[in-house]
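Next comes entry_25.txt, a file with compact mmCIF, C-alpha atoms and all ligand atoms.
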# COMPACT_ATOMS: atom_id res chain seq x y z
CA MET A 1 0.00 0.00 0.00
CA LEU A 2 1.33 3.42 -0.97
CA LEU A 3 -1.13 6.06 0.15
CA GLY A 4 -2.82 5.74 3.53
CA CYS A 5 -6.03 7.69 4.03
CA ILE A 6 -8.13 8.32 7.10
CA GLY A 7 -11.67 9.56 6.49
CA ASP A 8 -13.72 11.18 9.25
CA ASP A 9 -16.98 9.79 7.89
CA PHE A 10 -18.16 7.02 5.60
CA THR A 11 -19.67 8.99 2.73
CA GLY A 12 -16.65 11.28 2.67
CA SER A 13 -14.37 8.26 2.54
CA SER A 14 -16.24 6.90 -0.46
CA ASP A 15 -15.94 10.34 -2.09
CA LEU A 16 -12.17 10.09 -1.65
CA GLY A 17 -12.11 6.50 -2.90
CA ASN A 18 -13.97 7.65 -6.00
CA THR A 19 -11.33 10.31 -6.74
CA LEU A 20 -8.42 7.92 -6.27
CA VAL A 21 -9.99 5.22 -8.46
CA LYS A 22 -10.68 7.77 -11.20
CA GLN A 23 -6.98 8.71 -11.07
CA GLY A 24 -5.99 5.07 -11.55
CA MET A 25 -5.17 3.96 -8.01
CA ARG A 26 -6.39 0.57 -6.77
CA THR A 27 -8.35 1.68 -3.73
CA VAL A 28 -10.26 -0.08 -0.99
CA GLN A 29 -12.35 1.52 1.74
CA TYR A 30 -12.17 -0.18 5.13
CA VAL A 31 -14.94 0.05 7.69
CA GLY A 32 -13.00 1.14 10.75
CA VAL A 33 -9.47 -0.09 11.45
CA PRO A 34 -9.10 -3.62 10.05
CA ASP A 35 -7.94 -6.49 12.27
CA GLY A 36 -5.68 -8.14 9.73
CA PRO A 37 -3.38 -7.14 6.88
CA ALA A 38 -4.62 -5.61 3.62
CA ASP A 39 -4.63 -7.32 0.22
CA PRO A 40 -1.11 -6.55 -1.12
CA GLU A 41 -2.58 -5.39 -4.47
CA VAL A 42 -4.25 -2.39 -2.82
CA GLU A 43 -2.42 0.86 -3.63
CA ALA A 44 -4.52 3.28 -1.59
CA GLY A 45 -6.33 2.29 1.58
CA VAL A 46 -9.06 4.50 3.04
CA VAL A 47 -9.84 3.73 6.66
CA ALA A 48 -13.34 5.14 7.16
CA LEU A 49 -14.06 6.32 10.68
CA LYS A 50 -17.16 7.92 12.09
CA SER A 51 -15.15 10.54 13.93
CA ARG A 52 -16.45 13.87 12.67
CA SER A 53 -18.85 14.56 15.51
CA ILE A 54 -17.54 12.44 18.38
CA PRO A 55 -15.55 13.78 21.38
CA VAL A 56 -12.10 15.08 20.40
CA GLU A 57 -10.10 12.51 22.42
CA GLU A 58 -11.96 9.62 20.80
CA ALA A 59 -11.49 11.06 17.32
CA VAL A 60 -7.75 11.46 17.95
CA ALA A 61 -7.38 7.95 19.39
CA GLN A 62 -9.24 6.33 16.48
CA SER A 63 -7.30 8.32 13.90
CA LEU A 64 -3.95 7.38 15.47
CA ALA A 65 -4.99 3.72 15.45
CA ALA A 66 -5.85 4.04 11.75
CA LEU A 67 -2.47 5.67 11.12
CA GLU A 68 -0.66 2.86 12.87
CA TRP A 69 -2.44 0.22 10.77
CA LEU A 70 -1.77 2.11 7.51
CA ARG A 71 1.90 2.48 8.42
CA ALA A 72 2.07 -1.24 9.05
CA GLN A 73 0.76 -1.78 5.49
CA GLY A 74 3.77 0.13 4.14
CA CYS A 75 2.19 3.51 3.34
CA THR A 76 4.63 6.38 2.96
CA GLN A 77 2.18 9.26 2.65
CA PHE A 78 -1.00 9.92 4.61
CA LEU A 79 -4.11 11.92 3.86
CA PHE A 80 -6.65 12.95 6.47
CA LYS A 81 -9.98 13.42 4.64
CA TYR A 82 -12.73 15.63 6.07
CA CYS A 83 -15.66 17.43 4.55
CA SER A 84 -15.35 19.88 1.67
CA THR A 85 -17.35 22.26 3.84
CA PHE A 86 -14.80 21.89 6.68
CA ASP A 87 -17.46 20.54 9.07
CA SER A 88 -16.15 21.01 12.59
CA THR A 89 -16.97 22.67 15.88
CA ALA A 90 -14.77 25.15 17.79
CA GLN A 91 -13.16 22.12 19.49
CA GLY A 92 -12.49 20.15 16.33
CA ASN A 93 -12.24 17.54 15.28
CA ILE A 94 -10.28 18.62 12.20
CA GLY A 95 -7.48 20.53 13.98
CA PRO A 96 -6.77 18.16 16.88
CA VAL A 97 -6.77 15.06 14.66
CA ALA A 98 -4.48 16.71 12.10
CA GLU A 99 -2.10 17.91 14.82
CA ALA A 100 -1.94 14.48 16.47
CA LEU A 101 -1.20 12.83 13.11
CA ALA A 102 1.41 15.51 12.31
CA ASP A 103 3.13 14.99 15.66
CA LYS A 104 3.23 11.23 15.18
CA LEU A 105 4.67 11.58 11.67
CA GLY A 106 7.04 14.45 12.53
CA ALA A 107 5.43 16.58 9.80
CA GLN A 108 6.78 20.15 9.78
CA SER A 109 4.19 21.61 7.45
CA VAL A 110 0.61 20.42 6.94
CA ILE A 111 -1.91 21.84 4.51
CA PHE A 112 -5.68 22.11 4.92
CA CYS A 113 -7.45 22.12 1.58
CA PRO A 114 -11.15 21.19 1.52
CA ALA A 115 -11.56 22.52 -2.07
CA PHE A 116 -13.63 20.40 -4.46
CA PRO A 117 -14.32 22.66 -7.46
CA THR A 118 -16.48 20.09 -9.32
CA THR A 119 -19.05 20.45 -6.54
CA GLY A 120 -18.55 24.19 -6.16
CA ARG A 121 -16.25 24.18 -3.11
CA THR A 122 -13.41 26.63 -3.70
CA ILE A 123 -10.96 28.41 -1.41
CA TYR A 124 -9.87 31.92 -2.26
CA MET A 125 -7.86 34.13 0.08
CA GLY A 126 -8.49 31.70 2.88
CA HIS A 127 -12.27 31.87 2.48
CA LEU A 128 -14.37 28.84 1.60
CA PHE A 129 -17.09 29.26 -0.99
CA VAL A 130 -19.91 26.88 -1.90
CA GLY A 131 -20.87 27.88 -5.43
CA ASP A 132 -21.23 31.67 -5.36
CA ARG A 133 -21.90 31.84 -1.61
CA LEU A 134 -19.56 32.07 1.31
CA LEU A 135 -19.66 28.91 3.46
CA SER A 136 -21.52 30.80 6.18
CA GLU A 137 -24.36 31.67 3.78
CA SER A 138 -24.51 28.35 1.95
CA GLY A 139 -26.97 26.53 4.18
CA MET A 140 -24.10 25.06 6.22
CA GLU A 141 -24.82 27.67 8.89
CA ASN A 142 -27.90 25.54 9.68
CA HIS A 143 -26.13 22.16 9.81
CA PRO A 144 -27.68 20.04 12.61
CA LEU A 145 -24.35 18.90 14.11
CA THR A 146 -21.57 21.18 12.83
CA PRO A 147 -23.05 24.57 11.87
CA MET A 148 -20.46 26.61 9.93
CA THR A 149 -20.88 30.31 10.58
CA ASP A 150 -17.42 31.65 9.59
CA PRO A 151 -16.14 31.31 6.00
CA ASP A 152 -12.53 32.30 6.86
CA LEU A 153 -10.81 28.95 7.35
CA ARG A 154 -7.81 30.56 9.03
CA ARG A 155 -10.12 31.79 11.79
CA VAL A 156 -12.00 28.50 11.94
CA LEU A 157 -8.82 26.43 12.29
CA ALA A 158 -6.95 28.76 14.69
CA PRO A 159 -8.68 27.70 17.93
CA GLN A 160 -8.34 24.04 16.95
CA VAL A 161 -4.51 23.86 16.63
CA SER A 162 -1.36 25.10 18.36
CA GLY A 163 0.42 28.10 16.88
CA GLU A 164 -0.57 30.61 14.27
CA VAL A 165 -2.33 29.38 11.13
CA GLY A 166 -0.57 30.05 7.82
CA HIS A 167 -1.91 30.55 4.30
CA VAL A 168 -0.75 29.97 0.74
CA ALA A 169 -2.83 32.26 -1.48
CA ALA A 170 -4.14 31.58 -4.97
CA PRO A 171 -1.66 33.81 -6.88
CA THR A 172 1.20 31.72 -5.47
CA VAL A 173 -0.60 28.50 -6.35
CA TRP A 174 -0.95 29.71 -9.95
CA GLU A 175 2.83 30.09 -10.16
CA GLY A 176 3.22 26.33 -9.84
CA PRO A 177 4.55 23.55 -7.59
CA ASP A 178 8.02 25.06 -6.96
CA GLU A 179 6.56 28.35 -5.75
CA ILE A 180 4.02 26.47 -3.62
CA ARG A 181 6.83 24.50 -1.96
CA ALA A 182 8.80 27.70 -1.35
CA ALA A 183 5.73 29.37 0.19
CA LEU A 184 5.16 26.38 2.48
CA GLU A 185 8.77 26.49 3.58
CA ALA A 186 8.48 30.21 4.31
CA GLU A 187 5.37 29.56 6.42
CA ALA A 188 7.18 26.81 8.34
CA VAL A 189 10.20 29.06 8.97
CA ALA A 190 7.81 31.72 10.29
CA GLY A 191 6.44 29.12 12.73
CA ARG A 192 3.20 28.49 10.86
CA ARG A 193 3.03 24.72 10.63
CA PHE A 194 -0.66 24.46 9.73
CA VAL A 195 -1.52 26.19 6.48
CA ILE A 196 -4.78 26.92 4.65
CA ALA A 197 -4.33 26.12 0.95
CA ASP A 198 -6.19 28.18 -1.66
CA ALA A 199 -7.51 26.28 -4.69
CA ILE A 200 -10.29 27.34 -7.02
CA ARG A 201 -9.99 24.92 -9.94
CA ASP A 202 -8.81 21.37 -10.60
CA GLY A 203 -5.53 22.67 -12.08
CA ASP A 204 -4.74 24.24 -8.70
CA LEU A 205 -5.31 20.90 -6.99
CA MET A 206 -3.03 19.19 -9.48
CA ALA A 207 -0.32 21.77 -8.74
CA TRP A 208 -0.77 21.16 -5.01
CA GLY A 209 -0.54 17.42 -5.64
CA LYS A 210 2.82 17.81 -7.40
CA ALA A 211 4.11 20.18 -4.73
CA LEU A 212 3.21 17.70 -2.00
CA ALA A 213 5.01 14.68 -3.50
CA GLY A 214 6.71 12.88 -0.63
CA VAL A 215 5.36 14.97 2.24
CA PRO A 216 4.27 12.71 5.07
CA LEU A 217 0.85 14.26 5.77
CA LEU A 218 -1.76 16.38 4.07
CA THR A 219 -5.37 17.07 4.91
CA GLY A 220 -8.42 18.12 2.94
CA GLY A 221 -11.44 17.11 0.93
CA SER A 222 -11.37 14.54 -1.84
CA GLY A 223 -10.17 17.18 -4.33
CA ILE A 224 -6.69 17.38 -2.83
CA ALA A 225 -6.22 13.70 -3.70
CA MET A 226 -6.52 14.39 -7.45
CA GLY A 227 -2.87 15.19 -7.93
CA LEU A 228 -1.42 12.51 -5.63
CA PRO A 229 -1.68 9.26 -7.66
CA GLY A 230 0.62 10.78 -10.32
CA ASN A 231 3.43 10.91 -7.75
CA PHE A 232 3.45 7.13 -7.31
CA THR A 233 4.38 4.26 -9.62
CA LEU A 234 1.08 2.42 -10.07
CA SER A 235 0.36 -1.07 -11.36
CA GLY A 236 -2.21 0.20 -13.86
CA LYS A 237 -4.27 -2.97 -13.26
CA ALA A 238 -7.89 -1.89 -13.10
CA GLY A 239 -10.29 -4.33 -11.45
CA ARG A 240 -13.51 -5.24 -13.31
CA TRP A 241 -16.70 -4.01 -11.68
CA ARG A 242 -19.74 -6.27 -11.43
CA GLY A 243 -23.11 -4.50 -11.28
CA GLN A 244 -25.94 -5.67 -9.05
CA GLY A 245 -29.64 -6.07 -9.82
CA GLY A 246 -32.40 -6.91 -7.35
CA PRO A 247 -34.56 -5.05 -4.85
CA VAL A 248 -33.54 -1.47 -4.14
CA ALA A 249 -34.36 0.93 -1.31
CA ALA A 250 -33.27 4.44 -0.30
CA LEU A 251 -32.84 5.91 3.18
CA SER A 252 -32.19 9.50 4.12
CA GLY A 253 -31.35 11.04 7.47
CA SER A 254 -29.70 14.02 5.79
CA CYS A 255 -31.25 17.46 6.22
CA SER A 256 -28.88 19.22 3.81
CA ASN A 257 -30.30 21.40 1.05
CA ALA A 258 -29.38 19.02 -1.78
CA THR A 259 -30.88 16.00 -0.05
CA ARG A 260 -34.11 17.80 0.73
CA GLY A 261 -34.43 18.59 -3.00
CA GLN A 262 -33.75 14.94 -3.88
CA VAL A 263 -36.34 13.74 -1.36
CA ALA A 264 -38.91 16.14 -2.83
CA ALA A 265 -38.08 14.96 -6.37
CA HIS A 266 -38.33 11.23 -5.58
CA GLU A 267 -41.08 9.76 -7.73
CA GLY A 268 -41.59 6.41 -6.02
CA PRO A 269 -43.30 5.63 -2.72
CA SER A 270 -41.89 7.58 0.21
CA ARG A 271 -42.43 7.51 3.93
CA GLU A 272 -41.37 10.20 6.36
CA VAL A 273 -40.28 9.27 9.86
CA THR A 274 -40.10 12.09 12.38
CA ALA A 275 -37.76 12.47 15.35
CA GLU A 276 -40.82 12.25 17.65
CA GLN A 277 -41.94 8.93 16.12
CA VAL A 278 -38.48 7.43 16.43
CA LEU A 279 -37.99 8.66 20.00
CA GLY A 280 -41.45 7.28 20.70
CA GLY A 281 -40.28 3.80 19.75
CA LEU A 282 -41.29 3.43 16.07
CA ALA A 283 -40.20 -0.10 15.10
CA ALA A 284 -37.69 -0.26 12.24
CA GLN A 285 -39.08 -3.66 11.24
CA GLU A 286 -42.54 -2.18 10.69
CA VAL A 287 -41.10 0.47 8.35
CA ALA A 288 -38.95 -2.17 6.62
CA ASP A 289 -42.05 -4.30 6.02
CA TRP A 290 -43.74 -1.28 4.42
CA ALA A 291 -40.68 -0.66 2.22
CA LEU A 292 -40.33 -4.31 1.19
CA ALA A 293 -43.99 -4.39 0.11
CA GLN A 294 -43.53 -1.58 -2.47
CA ASP A 295 -43.34 -2.27 -6.22
CA ARG A 296 -41.08 0.71 -6.95
CA MET A 297 -38.04 1.99 -5.07
CA PRO A 298 -39.20 3.09 -1.60
CA LEU A 299 -37.63 6.04 0.19
CA VAL A 300 -37.68 6.33 3.98
CA TYR A 301 -36.56 9.73 5.22
CA SER A 302 -36.30 11.89 8.30
CA SER A 303 -34.92 14.79 6.23
CA ALA A 304 -36.54 17.96 7.47
CA GLU A 305 -36.35 21.75 7.27
CA PRO A 306 -33.95 23.58 9.65
CA ASP A 307 -36.85 24.81 11.84
CA THR A 308 -38.14 21.27 12.38
CA VAL A 309 -34.65 20.02 13.20
CA ARG A 310 -34.10 22.87 15.64
CA ALA A 311 -37.43 22.25 17.37
CA ALA A 312 -36.66 18.53 17.83
CA GLN A 313 -33.17 19.30 19.15
CA GLU A 314 -34.48 21.91 21.58
CA ALA A 315 -37.15 19.55 22.86
CA HIS A 316 -34.99 16.43 23.27
CA GLY A 317 -31.30 17.42 22.97
CA ARG A 318 -29.14 17.24 19.88
CA GLU A 319 -27.25 14.08 20.78
CA LYS A 320 -30.34 12.18 21.83
CA VAL A 321 -32.13 12.97 18.57
CA ALA A 322 -29.07 12.08 16.48
CA ALA A 323 -28.51 8.79 18.33
CA ALA A 324 -32.16 7.80 18.04
CA LEU A 325 -32.38 8.56 14.31
CA GLU A 326 -29.06 6.93 13.47
CA GLY A 327 -30.01 3.86 15.51
CA PHE A 328 -33.32 3.69 13.68
CA PHE A 329 -31.72 3.87 10.22
CA ALA A 330 -29.12 1.28 11.25
CA GLN A 331 -31.88 -1.17 12.29
CA LEU A 332 -33.89 -0.35 9.17
CA ALA A 333 -30.92 -1.07 6.90
CA LYS A 334 -30.34 -4.42 8.58
CA ALA A 335 -34.00 -5.35 8.25
CA LEU A 336 -34.07 -4.33 4.58
CA VAL A 337 -31.00 -6.38 3.70
CA ALA A 338 -32.35 -9.33 5.71
CA GLY A 339 -35.58 -8.90 3.71
CA GLY A 340 -33.76 -9.23 0.38
CA VAL A 341 -32.64 -5.70 -0.58
CA THR A 342 -29.46 -5.93 -2.67
CA ARG A 343 -29.09 -2.26 -3.65
CA LEU A 344 -29.19 0.17 -0.74
CA ILE A 345 -28.88 3.93 -1.09
CA SER A 346 -28.20 6.04 1.99
CA ALA A 347 -28.07 9.85 2.19
CA GLY A 348 -26.13 11.67 4.90
CA GLY A 349 -22.70 11.08 6.39
CA GLU A 350 -23.73 10.27 9.96
CA THR A 351 -26.70 8.28 8.74
CA SER A 352 -24.58 6.29 6.30
CA GLY A 353 -21.97 5.67 8.99
CA ALA A 354 -24.62 4.13 11.21
CA VAL A 355 -25.98 2.09 8.28
CA VAL A 356 -22.59 0.71 7.25
CA GLU A 357 -21.57 -0.08 10.83
CA ALA A 358 -24.80 -2.03 11.22
CA LEU A 359 -24.24 -3.98 7.99
CA ALA A 360 -20.60 -4.49 9.04
CA PRO A 361 -18.85 -5.32 5.77
CA ASP A 362 -15.05 -5.64 6.25
CA ALA A 363 -14.15 -3.64 3.20
CA LEU A 364 -15.88 -1.83 0.37
CA GLU A 365 -14.80 -2.14 -3.24
CA ILE A 366 -15.17 1.19 -5.07
CA GLY A 367 -17.17 1.08 -8.31
CA PRO A 368 -18.45 3.56 -10.89
CA GLU A 369 -19.38 7.15 -10.10
CA ILE A 370 -23.07 8.05 -9.82
CA ASP A 371 -22.65 11.80 -9.42
CA PRO A 372 -19.48 13.77 -8.49
CA GLY A 373 -18.19 12.49 -5.17
CA VAL A 374 -20.50 9.47 -4.96
CA PRO A 375 -19.44 6.02 -6.21
CA VAL A 376 -21.28 2.70 -6.07
CA MET A 377 -19.59 0.33 -3.63
CA ARG A 378 -19.74 -3.43 -3.24
CA ALA A 379 -20.29 -4.49 0.37
CA GLY A 380 -20.76 -8.21 -0.18
CA GLU A 381 -21.46 -10.94 -2.72
CA ASP A 382 -25.05 -9.70 -3.24
CA LEU A 383 -25.03 -6.20 -1.83
CA VAL A 384 -24.06 -2.85 -3.28
CA LEU A 385 -24.32 0.50 -1.54
CA ALA A 386 -24.39 4.16 -2.52
CA LEU A 387 -23.49 6.47 0.35
CA LYS A 388 -24.32 10.05 -0.53
CA SER A 389 -22.86 13.01 1.30
CA GLY A 390 -25.58 15.45 2.29
CA ASN A 391 -24.91 18.14 -0.25
CA PHE A 392 -23.90 15.96 -3.19
CA GLY A 393 -25.85 14.62 -6.13
CA ALA A 394 -28.29 15.92 -8.73
CA GLU A 395 -32.02 16.17 -8.02
CA ASP A 396 -32.73 12.74 -9.53
CA PHE A 397 -29.95 11.13 -7.46
CA PHE A 398 -31.94 8.24 -6.01
CA ALA A 399 -33.24 7.04 -9.39
CA LYS A 400 -29.84 7.52 -11.02
CA ALA A 401 -28.07 5.60 -8.25
CA ALA A 402 -30.45 2.68 -8.65
CA ARG A 403 -29.67 2.57 -12.39
CA VAL A 404 -25.89 2.92 -12.09
CA MET A 405 -25.79 0.16 -9.47
CA GLU A 406 -27.13 -2.35 -11.99
CA HIS A 407 -24.43 -1.99 -14.61
CA ASP A 408 -21.10 -3.76 -15.02
CA ALA A 409 -18.11 -1.54 -15.75
N1 LIG A 501 -36.18 14.96 11.44
C1 LIG A 501 -35.08 15.29 12.11
N2 LIG A 501 -35.15 16.03 13.22
C2 LIG A 501 -34.04 16.39 13.88
N3 LIG A 501 -32.79 16.05 13.50
C3 LIG A 501 -32.67 15.30 12.40
C4 LIG A 501 -33.79 14.89 11.65
N4 LIG A 501 -33.37 14.14 10.62
C5 LIG A 501 -32.02 14.10 10.72
N5 LIG A 501 -31.60 14.80 11.79
C6 LIG A 501 -30.21 15.02 12.23
O1 LIG A 501 -29.47 15.40 11.14
C7 LIG A 501 -28.26 14.67 11.07
C8 LIG A 501 -27.90 14.53 9.62
O2 LIG A 501 -26.59 14.15 9.54
P1 LIG A 501 -26.02 13.37 8.29
O3 LIG A 501 -24.55 13.44 8.45
O4 LIG A 501 -26.63 12.05 8.16
O5 LIG A 501 -26.50 14.22 7.06
P2 LIG A 501 -25.75 15.44 6.38
O6 LIG A 501 -25.15 16.28 7.44
O7 LIG A 501 -26.69 16.06 5.43
O8 LIG A 501 -24.63 14.70 5.55
P3 LIG A 501 -23.07 15.03 5.40
O9 LIG A 501 -22.46 14.88 6.75
O10 LIG A 501 -22.64 13.99 4.46
O11 LIG A 501 -23.00 16.42 4.86
C9 LIG A 501 -28.58 13.35 11.76
O12 LIG A 501 -27.50 12.78 12.40
C10 LIG A 501 -29.61 13.76 12.78
O13 LIG A 501 -28.97 14.09 13.97
O1 LIG A 502 -16.14 16.36 1.18
C1 LIG A 502 -17.37 16.26 1.15
O2 LIG A 502 -18.14 17.22 0.98
C2 LIG A 502 -17.96 14.92 1.41
O3 LIG A 502 -17.12 13.90 1.01
C3 LIG A 502 -18.24 14.79 2.86
O4 LIG A 502 -17.38 14.42 3.61
C4 LIG A 502 -19.58 15.24 3.32
O5 LIG A 502 -19.92 14.62 4.52

As structure tokens, the full file:
Amino acid sequence: MLLGCIGDDFTGSSDLGNTLVKQGMRTVQYVGVPDGPADPEVEAGVVALKSRSIPVEEAVAQSLAALEWLRAQGCTQFLFKYCSTFDSTAQGNIGPVAEALADKLGAQSVIFCPAFPTTGRTIYMGHLFVGDRLLSESGMENHPLTPMTDPDLRRVLAPQVSGEVGHVAAPTVWEGPDEIRAALEAEAVAGRRFVIADAIRDGDLMAWGKALAGVPLLTGGSGIAMGLPGNFTLSGKAGRWRGQGGPVAALSGSCSNATRGQVAAHEGPSREVTAEQVLGGLAAQEVADWALAQDRMPLVYSSAEPDTVRAAQEAHGREKVAAALEGFFAQLAKALVAGGVTRLISAGGETSGAVVEALAPDALEIGPEIDPGVPVMRAGEDLVLALKSGNFGAEDFFAKAARVMEHDA
């Protein structure tokens, strides 16, 4: 294994896997830290954690365990993958995890680059944009778990790490890899070890990739991985992908803008479950039985408007609501697969994490892309999954995912 990646959620990890596969790297996503050694043919390993919204110490401990396993597989470079919208609280977990990994690896300079231009995430002068909006006006200010109210990533990161935060601005990036390296060195000499990296287009990410050849650690969204495979000697052996037919179902616990649009656009049978119903003991098996009885793809969703989410959180507490809903979707996924579902679509990072942990596959093979950032993945002999990050995918995502899952590639 050459490149070792640690993802702070499951959908985000599949987004990264998708980028690496598209750039020709044989990539496998692992569900948590594996017990045994990896298949020696794997060139990039993505250890998917569910560490974005857990207490800082736990996120650090899990990430260090992932690092240790990836090092044992022979990796020489490590990538910490978080959300392209830099989802974190004032405590972390992005900064503390990155700093712990940097300390372990003795990294003198570490970049933070959540840019993913294909999906509209760009960083200019240290500020993160989503399309033509600043992060703080993009809908992310209403996120149920990690509301993002400041678009200046230097200010967001500062309280999460030791020392002053540095910056390499776009005009330097446009000068190319040598100038980027020189700018990073200057930041390190000035005592700024953690550096926000501007990037507004794929070419910028490719330049960053070249500049970062051989550095022990980098951090960012899936975009920053675009330029890395080119730094390694790869086998070029692409695995064949086998599509999967059979019963299909979609689940959504995501309240992000894009998901809410996809839920509204879903043409098949759909059933809403509310936080109150789930906290009141709604049985996952009953909802699974409803879903399994449908002729067309059923959608079960808790996706709701920010006001509804806020009201539920104020009434019952944020953690309690999240745990109840995630537990419900986890049980529902198990019941659906036990009932014969072979194609399962799940929207939302936390939701998908709970779903995948419940299904407990050891590793996920990365297949074709459905929409930018979302691949199909094989989780078993007769089971494929599509894990969609909240803000990814076109309006017809659920129908498109069901179609793409069927085809060989
Ligand atoms: N009806 C609801 N009422 C209150 N909270 C809800 C409701 N539905 C979902 N939530 C909360 O919203 C969270 C959504 O998180 P999730 O990570 O699954 O989606 P997302 O944030 O859109 O996705 P991503 O992290 O990929 O951007 C859930 O963990 C849950 O806590
Ligand atoms: O980077 C992204 O936006 C996604 O992969 C993700 O992590 C959202 O949860």

Next on the checklist: Just want the residues within 7 Å of ligand LIG 501 (chain A), written as an MDAnalysis selection string, counting only C-alpha atoms and all ligand atoms.
Outcome noted: chainID A and resid 11:12 143:145 253:256 259 274:275 302:304 308:310 312:313 318 321:323 325:326 347:352 388:391

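Of the residues under consideration (A:Glu57, A:Leu20, A:Pro40, A:Tyr82), A:Tyr82 shows the shortest atom-to-atom contact distance to Ile6 (chain A) when counting all atoms listed in the file.
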
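With only C-alpha atoms and all ligand atoms as the basis for measurement, A:Val374 is the residue among A:Val374, A:Val263, A:Met206, A:Ala315 that approaches ligand LIG 502 (chain A) most closely.
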
Next on the checklist: Applying 10 Å and all atoms listed in the file, which residues near Arg181 (chain A) remain after dropping the ones on its own chain fewer than 2 positions away? List them as a ChimeraX atom specification.
Outcome noted: /A:168,172-173,176-179,183-187,208,210-212

Surrounding residues of Ala102 (chain A) excluding itself and chain neighbours under 3 positions, 12 Å, only C-alpha atoms, as a PDB file with C-alpha atoms, in the coordinates of the input:
ATOM      1  CA  VAL A  60      -7.750  11.460  17.950  1.00  0.00           C
ATOM      2  CA  SER A  63      -7.300   8.320  13.900  1.00  0.00           C
ATOM      3  CA  LEU A  64      -3.950   7.380  15.470  1.00  0.00           C
ATOM      4  CA  LEU A  67      -2.470   5.670  11.120  1.00  0.00           C
ATOM      5  CA  GLN A  77       2.180   9.260   2.650  1.00  0.00           C
ATOM      6  CA  PHE A  78      -1.000   9.920   4.610  1.00  0.00           C
ATOM      7  CA  LEU A  79      -4.110  11.920   3.860  1.00  0.00           C
ATOM      8  CA  PHE A  80      -6.650  12.950   6.470  1.00  0.00           C
ATOM      9  CA  GLY A  95      -7.480  20.530  13.980  1.00  0.00           C
ATOM     10  CA  PRO A  96      -6.770  18.160  16.880  1.00  0.00           C
ATOM     11  CA  VAL A  97      -6.770  15.060  14.660  1.00  0.00           C
ATOM     12  CA  ALA A  98      -4.480  16.710  12.100  1.00  0.00           C
ATOM     13  CA  GLU A  99      -2.100  17.910  14.820  1.00  0.00           C
ATOM     14  CA  LEU A 105       4.670  11.580  11.670  1.00  0.00           C
ATOM     15  CA  GLY A 106       7.040  14.450  12.530  1.00  0.00           C
ATOM     16  CA  ALA A 107       5.430  16.580   9.800  1.00  0.00           C
ATOM     17  CA  GLN A 108       6.780  20.150   9.780  1.00  0.00           C
ATOM     18  CA  SER A 109       4.190  21.610   7.450  1.00  0.00           C
ATOM     19  CA  VAL A 110       0.610  20.420   6.940  1.00  0.00           C
ATOM     20  CA  ILE A 111      -1.910  21.840   4.510  1.00  0.00           C
ATOM     21  CA  VAL A 161      -4.510  23.860  16.630  1.00  0.00           C
ATOM     22  CA  SER A 162      -1.360  25.100  18.360  1.00  0.00           C
ATOM     23  CA  ARG A 193       3.030  24.720  10.630  1.00  0.00           C
ATOM     24  CA  PHE A 194      -0.660  24.460   9.730  1.00  0.00           C
ATOM     25  CA  VAL A 215       5.360  14.970   2.240  1.00  0.00           C
ATOM     26  CA  PRO A 216       4.270  12.710   5.070  1.00  0.00           C
ATOM     27  CA  LEU A 217       0.850  14.260   5.770  1.00  0.00           C
ATOM     28  CA  LEU A 218      -1.760  16.380   4.070  1.00  0.00           C
ATOM     29  CA  THR A 219      -5.370  17.070   4.910  1.00  0.00           C
TER      30      THR A 219
END

Checklist entry - Residues within 9 Å of ligand LIG 502 (chain A) (only C-alpha atoms and all ligand atoms), as an MDAnalysis selection string? => result chainID A and resid 7:16 52 81:87 114:116 119 121 220:223 348:350 373:374 388:392

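Nearest to Val130 (chain A) of all the residues A:Thr146, A:Gln160, A:Phe329, A:Pro151 is A:Pro151, based on all atoms listed in the file.
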
Using the atoms already present, construct N, CA, C and O atoms for region 325-329 of chain A and hand them back as a PDB file, keeping the file's coordinate frame.
ATOM      1  N   LEU A 325     -32.159   8.676  15.758  1.00  0.00           N
ATOM      2  CA  LEU A 325     -32.380   8.560  14.310  1.00  0.00           C
ATOM      3  C   LEU A 325     -31.347   7.639  13.661  1.00  0.00           C
ATOM      4  O   LEU A 325     -31.686   6.805  12.809  1.00  0.00           O
ATOM      5  N   GLU A 326     -30.096   7.789  14.073  1.00  0.00           N
ATOM      6  CA  GLU A 326     -29.060   6.930  13.470  1.00  0.00           C
ATOM      7  C   GLU A 326     -29.311   5.472  13.843  1.00  0.00           C
ATOM      8  O   GLU A 326     -29.160   4.574  13.008  1.00  0.00           O
ATOM      9  N   GLY A 327     -29.701   5.239  15.080  1.00  0.00           N
ATOM     10  CA  GLY A 327     -30.010   3.860  15.510  1.00  0.00           C
ATOM     11  C   GLY A 327     -31.171   3.304  14.705  1.00  0.00           C
ATOM     12  O   GLY A 327     -31.157   2.130  14.290  1.00  0.00           O
ATOM     13  N   PHE A 328     -32.163   4.136  14.449  1.00  0.00           N
ATOM     14  CA  PHE A 328     -33.320   3.690  13.680  1.00  0.00           C
ATOM     15  C   PHE A 328     -32.900   3.305  12.250  1.00  0.00           C
ATOM     16  O   PHE A 328     -33.251   2.222  11.753  1.00  0.00           O
ATOM     17  N   PHE A 329     -32.124   4.173  11.604  1.00  0.00           N
ATOM     18  CA  PHE A 329     -31.720   3.870  10.220  1.00  0.00           C
ATOM     19  C   PHE A 329     -30.803   2.639  10.174  1.00  0.00           C
ATOM     20  O   PHE A 329     -30.851   1.858   9.215  1.00  0.00           O
TER      21      PHE A 329
END
